[in-house]
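Below is one structure, written out as structure tokens, with a few remarks after it.
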Amino acid sequence: MDASFNFLFSIRDGKSRSKLLGTSSRKLSTRGLSFEEVNQWSQSLARLLESPYGMITFQAFLKAEFSDENLEFWLVCEDYKKVKRSFRLSAKARKIFNCFIRVEAPREINIDHQTRELTKRNLQAPTTACFMEAQKTVFGLMEKDSYPRFLRSSIYKTLMDSRSESFKM
């Protein structure tokens, strides 16, 4: 069963998960993935995203549905919060805004007008928290919509079954 899931585990390097920051891929085997870990993904979206396997599996699910922009935005924001140099904040903030937030952006996320405008104002003096409201909104959308669909998906069910079989052995 591990070989059939290798397509799910094409991961970008740990330093840069987004297209904005550059990518590099490597394969992860599911051998180290336990039934307990896969089962814990059903406890919360946060728990799913804490797991490298969970995040990658969820990302593969969203890509298959052509709806991975929310997760990509959330991951870019997580990376953005780690920026230490203020001169880099401005350039990265503009890239994120232009890619995900501005109206008709190439990877436009679904946020309300007030959040979009607040984020736009935050860009005037960018801090590591300037995307906080947009990120919270996107997390809420994933939690209410994409995450429950993921838990009902064949990807998750098949992975649970495969880990359950190896757990019984």
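Quick note on naming: the chains in the structure tokens go A, B, ... in the order shown, residues restart at 1 in each chain, and ligands are numbered from 1 in order of appearance.
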
Checklist entry - Could you pull the residues within 7 Å of region 126-129 of chain A, counting only C-alpha atoms, minus those fewer than 5 positions along the same chain, as a PyMOL selection string? => result chain A and resi 80-81+89-90+93

Sort by chain and increasing residue number a table of all residues of region 57-102 of chain A within 12 Å of region 139-163 of chain A, each with its closest pair of atoms and their distance in Å to one decimal, counting only C-alpha atoms, and write it as a Markdown table.
```
| residue | atom | partner | partner_atom | distance |
| --- | --- | --- | --- | --- |
| A:Thr57 | CA | A:Ile155 | CA | 7.9 |
| A:Phe58 | CA | A:Phe150 | CA | 6.9 |
| A:Gln59 | CA | A:Phe150 | CA | 9.9 |
| A:Ala60 | CA | A:Ile155 | CA | 8.9 |
| A:Phe61 | CA | A:Phe150 | CA | 6.8 |
| A:Leu62 | CA | A:Ser146 | CA | 7.6 |
| A:Lys63 | CA | A:Ser146 | CA | 11.3 |
| A:Ala64 | CA | A:Ile155 | CA | 10.3 |
| A:Glu65 | CA | A:Ser146 | CA | 9.6 |
| A:Phe66 | CA | A:Ser146 | CA | 11.3 |
| A:Ser67 | CA | A:Ser146 | CA | 8.5 |
| A:Asp68 | CA | A:Ser146 | CA | 9.5 |
| A:Glu69 | CA | A:Met142 | CA | 10.5 |
| A:Asn70 | CA | A:Met142 | CA | 7.2 |
| A:Leu71 | CA | A:Met142 | CA | 7.8 |
| A:Glu72 | CA | A:Phe139 | CA | 11.0 |
| A:Phe73 | CA | A:Phe139 | CA | 9.6 |
| A:Trp74 | CA | A:Phe139 | CA | 7.2 |
| A:Leu75 | CA | A:Phe139 | CA | 10.4 |
| A:Cys77 | CA | A:Phe139 | CA | 11.1 |
| A:Glu78 | CA | A:Phe139 | CA | 11.7 |
```

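Excluding region 118-123 of chain A itself and same-chain residues fewer than 5 positions from it, the residues having an atom within 8 Å of it are Ser90, Ala93, Arg94, Phe97, Cys130, Phe131, Glu133 and Ala134 of chain A, counting only C-alpha atoms.
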
Prev. selection, N, CA, C and O atoms, output as a PDB file, in the first residue's frame:
```
ATOM      1  N   SER A  90       8.246  43.868   3.998  1.00  0.00           N
ATOM      2  CA  SER A  90       7.502  44.650   3.017  1.00  0.00           C
ATOM      3  C   SER A  90       7.415  43.937   1.665  1.00  0.00           C
ATOM      4  O   SER A  90       6.327  43.811   1.096  1.00  0.00           O
ATOM      5  N   ALA A  93       5.333  40.738   2.030  1.00  0.00           N
ATOM      6  CA  ALA A  93       3.927  41.080   2.250  1.00  0.00           C
ATOM      7  C   ALA A  93       3.253  41.454   0.935  1.00  0.00           C
ATOM      8  O   ALA A  93       2.133  41.034   0.656  1.00  0.00           O
ATOM      9  N   ARG A  94       3.927  42.236   0.122  1.00  0.00           N
ATOM     10  CA  ARG A  94       3.360  42.629  -1.177  1.00  0.00           C
ATOM     11  C   ARG A  94       3.154  41.406  -2.083  1.00  0.00           C
ATOM     12  O   ARG A  94       2.144  41.311  -2.784  1.00  0.00           O
ATOM     13  N   PHE A  97       0.139  39.524  -0.758  1.00  0.00           N
ATOM     14  CA  PHE A  97      -1.075  40.275  -1.076  1.00  0.00           C
ATOM     15  C   PHE A  97      -1.431  40.135  -2.557  1.00  0.00           C
ATOM     16  O   PHE A  97      -2.579  39.844  -2.898  1.00  0.00           O
ATOM     17  N   CYS A 130       0.480  41.212  10.033  1.00  0.00           N
ATOM     18  CA  CYS A 130      -0.407  41.933   9.109  1.00  0.00           C
ATOM     19  C   CYS A 130      -1.406  41.034   8.374  1.00  0.00           C
ATOM     20  O   CYS A 130      -2.418  41.524   7.895  1.00  0.00           O
ATOM     21  N   PHE A 131      -1.171  39.739   8.316  1.00  0.00           N
ATOM     22  CA  PHE A 131      -2.104  38.827   7.661  1.00  0.00           C
ATOM     23  C   PHE A 131      -2.932  38.021   8.657  1.00  0.00           C
ATOM     24  O   PHE A 131      -3.639  37.102   8.279  1.00  0.00           O
ATOM     25  N   GLU A 133      -5.691  38.412  10.513  1.00  0.00           N
ATOM     26  CA  GLU A 133      -7.151  38.286  10.344  1.00  0.00           C
ATOM     27  C   GLU A 133      -7.499  37.459   9.109  1.00  0.00           C
ATOM     28  O   GLU A 133      -8.390  36.616   9.158  1.00  0.00           O
ATOM     29  N   ALA A 134      -6.796  37.701   8.018  1.00  0.00           N
ATOM     30  CA  ALA A 134      -7.046  36.924   6.798  1.00  0.00           C
ATOM     31  C   ALA A 134      -6.713  35.456   7.033  1.00  0.00           C
ATOM     32  O   ALA A 134      -7.448  34.562   6.593  1.00  0.00           O
TER      33      ALA A 134
END
```

Item to check | DSSP helix (DSSP H, G or I) residues within region 2-154 of chain A, as a VMD selection string | outcome: chain A and resid 2 to 9 35 to 43 45 to 50 52 to 64 69 to 80 86 to 101 113 to 122 132 to 152 154

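Going from CA of Glu50 (chain A) to CA of Phe100 (chain A) covers 22.8 Å.
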
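In terms of minimum interatomic distance to Glu117 (chain A), A:Val103 ranks closest within A:Ala91, A:Val103, A:Ile96, A:Leu45, counting only C-alpha atoms.
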
Checklist entry - What lies within 10 Å of Ser164 (chain A) using only C-alpha atoms, ignoring chain neighbours under 4 positions off, as a PyMOL selection string? => result chain A and resi 34-36+38-39+158-160+168-169

Kindly save the residues from that selection, with all heavy atoms included, as a PDB file, in the first residue's frame.
```pdb
ATOM      1  N   SER A  34       1.786   5.916  11.443  1.00  0.00           N
ATOM      2  CA  SER A  34       1.045   4.942  12.251  1.00  0.00           C
ATOM      3  C   SER A  34      -0.462   5.171  12.159  1.00  0.00           C
ATOM      4  O   SER A  34      -0.925   6.260  11.802  1.00  0.00           O
ATOM      5  CB  SER A  34       1.474   5.056  13.716  1.00  0.00           C
ATOM      6  OG  SER A  34       1.038   6.294  14.254  1.00  0.00           O
ATOM      7  N   PHE A  35      -1.185   4.157  12.528  1.00  0.00           N
ATOM      8  CA  PHE A  35      -2.647   4.248  12.608  1.00  0.00           C
ATOM      9  C   PHE A  35      -3.039   5.351  13.585  1.00  0.00           C
ATOM     10  O   PHE A  35      -3.950   6.136  13.308  1.00  0.00           O
ATOM     11  CB  PHE A  35      -3.239   2.900  13.053  1.00  0.00           C
ATOM     12  CG  PHE A  35      -4.709   2.966  13.323  1.00  0.00           C
ATOM     13  CD1 PHE A  35      -5.619   2.967  12.283  1.00  0.00           C
ATOM     14  CD2 PHE A  35      -5.188   3.045  14.628  1.00  0.00           C
ATOM     15  CE1 PHE A  35      -6.987   3.046  12.527  1.00  0.00           C
ATOM     16  CE2 PHE A  35      -6.545   3.120  14.881  1.00  0.00           C
ATOM     17  CZ  PHE A  35      -7.445   3.126  13.829  1.00  0.00           C
ATOM     18  N   GLU A  36      -2.341   5.433  14.720  1.00  0.00           N
ATOM     19  CA  GLU A  36      -2.661   6.436  15.737  1.00  0.00           C
ATOM     20  C   GLU A  36      -2.542   7.851  15.177  1.00  0.00           C
ATOM     21  O   GLU A  36      -3.392   8.697  15.422  1.00  0.00           O
ATOM     22  CB  GLU A  36      -1.751   6.293  16.973  1.00  0.00           C
ATOM     23  CG  GLU A  36      -1.974   5.047  17.770  1.00  0.00           C
ATOM     24  CD  GLU A  36      -1.224   3.830  17.216  1.00  0.00           C
ATOM     25  OE1 GLU A  36      -0.384   3.985  16.292  1.00  0.00           O
ATOM     26  OE2 GLU A  36      -1.498   2.710  17.679  1.00  0.00           O
ATOM     27  N   VAL A  38      -2.678   8.850  11.957  1.00  0.00           N
ATOM     28  CA  VAL A  38      -3.729   9.101  10.964  1.00  0.00           C
ATOM     29  C   VAL A  38      -5.067   9.306  11.668  1.00  0.00           C
ATOM     30  O   VAL A  38      -5.848  10.184  11.301  1.00  0.00           O
ATOM     31  CB  VAL A  38      -3.809   7.951   9.933  1.00  0.00           C
ATOM     32  CG1 VAL A  38      -4.962   8.164   8.969  1.00  0.00           C
ATOM     33  CG2 VAL A  38      -2.497   7.833   9.166  1.00  0.00           C
ATOM     34  N   ASN A  39      -5.330   8.529  12.686  1.00  0.00           N
ATOM     35  CA  ASN A  39      -6.569   8.651  13.443  1.00  0.00           C
ATOM     36  C   ASN A  39      -6.659  10.007  14.142  1.00  0.00           C
ATOM     37  O   ASN A  39      -7.734  10.603  14.217  1.00  0.00           O
ATOM     38  CB  ASN A  39      -6.677   7.508  14.463  1.00  0.00           C
ATOM     39  CG  ASN A  39      -8.043   7.415  15.077  1.00  0.00           C
ATOM     40  OD1 ASN A  39      -9.057   7.545  14.406  1.00  0.00           O
ATOM     41  ND2 ASN A  39      -8.069   7.195  16.381  1.00  0.00           N
ATOM     42  N   THR A 158      -8.917   5.481   2.700  1.00  0.00           N
ATOM     43  CA  THR A 158      -7.978   4.459   2.228  1.00  0.00           C
ATOM     44  C   THR A 158      -6.722   4.445   3.085  1.00  0.00           C
ATOM     45  O   THR A 158      -6.202   3.383   3.430  1.00  0.00           O
ATOM     46  CB  THR A 158      -7.623   4.695   0.745  1.00  0.00           C
ATOM     47  OG1 THR A 158      -8.832   4.695  -0.024  1.00  0.00           O
ATOM     48  CG2 THR A 158      -6.689   3.623   0.222  1.00  0.00           C
ATOM     49  N   LEU A 159      -6.242   5.620   3.433  1.00  0.00           N
ATOM     50  CA  LEU A 159      -5.058   5.700   4.286  1.00  0.00           C
ATOM     51  C   LEU A 159      -5.351   5.128   5.673  1.00  0.00           C
ATOM     52  O   LEU A 159      -4.537   4.383   6.227  1.00  0.00           O
ATOM     53  CB  LEU A 159      -4.579   7.147   4.381  1.00  0.00           C
ATOM     54  CG  LEU A 159      -3.209   7.392   5.000  1.00  0.00           C
ATOM     55  CD1 LEU A 159      -2.133   6.548   4.323  1.00  0.00           C
ATOM     56  CD2 LEU A 159      -2.851   8.863   4.923  1.00  0.00           C
ATOM     57  N   MET A 160      -6.524   5.436   6.224  1.00  0.00           N
ATOM     58  CA  MET A 160      -6.923   4.864   7.520  1.00  0.00           C
ATOM     59  C   MET A 160      -6.973   3.339   7.433  1.00  0.00           C
ATOM     60  O   MET A 160      -6.470   2.645   8.311  1.00  0.00           O
ATOM     61  CB  MET A 160      -8.304   5.389   7.947  1.00  0.00           C
ATOM     62  CG  MET A 160      -8.272   6.725   8.630  1.00  0.00           C
ATOM     63  SD  MET A 160      -7.502   6.694  10.248  1.00  0.00           S
ATOM     64  CE  MET A 160      -8.716   5.804  11.209  1.00  0.00           C
ATOM     65  N   LYS A 168      -2.930  -4.016  12.772  1.00  0.00           N
ATOM     66  CA  LYS A 168      -3.402  -5.336  13.202  1.00  0.00           C
ATOM     67  C   LYS A 168      -2.318  -6.389  13.117  1.00  0.00           C
ATOM     68  O   LYS A 168      -2.347  -7.372  13.823  1.00  0.00           O
ATOM     69  CB  LYS A 168      -4.605  -5.765  12.365  1.00  0.00           C
ATOM     70  CG  LYS A 168      -5.831  -4.933  12.624  1.00  0.00           C
ATOM     71  CD  LYS A 168      -6.957  -5.334  11.685  1.00  0.00           C
ATOM     72  CE  LYS A 168      -8.149  -4.415  11.840  1.00  0.00           C
ATOM     73  NZ  LYS A 168      -9.185  -4.718  10.870  1.00  0.00           N
ATOM     74  N   MET A 169      -1.349  -6.195  12.227  1.00  0.00           N
ATOM     75  CA  MET A 169      -0.322  -7.214  12.000  1.00  0.00           C
ATOM     76  C   MET A 169       0.651  -7.302  13.110  1.00  0.00           C
ATOM     77  O   MET A 169       0.949  -6.864  14.009  1.00  0.00           O
ATOM     78  CB  MET A 169       0.439  -6.935  10.713  1.00  0.00           C
ATOM     79  CG  MET A 169      -0.433  -7.057   9.531  1.00  0.00           C
ATOM     80  SD  MET A 169       0.535  -6.691   8.055  1.00  0.00           S
ATOM     81  CE  MET A 169      -0.379  -7.618   6.870  1.00  0.00           C
TER      82      MET A 169
END
```

Next on the checklist: When you look at Asn110 (chain A) with a cut-off of 9 Å (counting only C-alpha atoms), what residues show up, excluding the ones that are within fewer than 2 positions of it in the same chain? I need them as a PyMOL selection string.
Outcome noted: chain A and resi 70+101+108+112+137-138+141
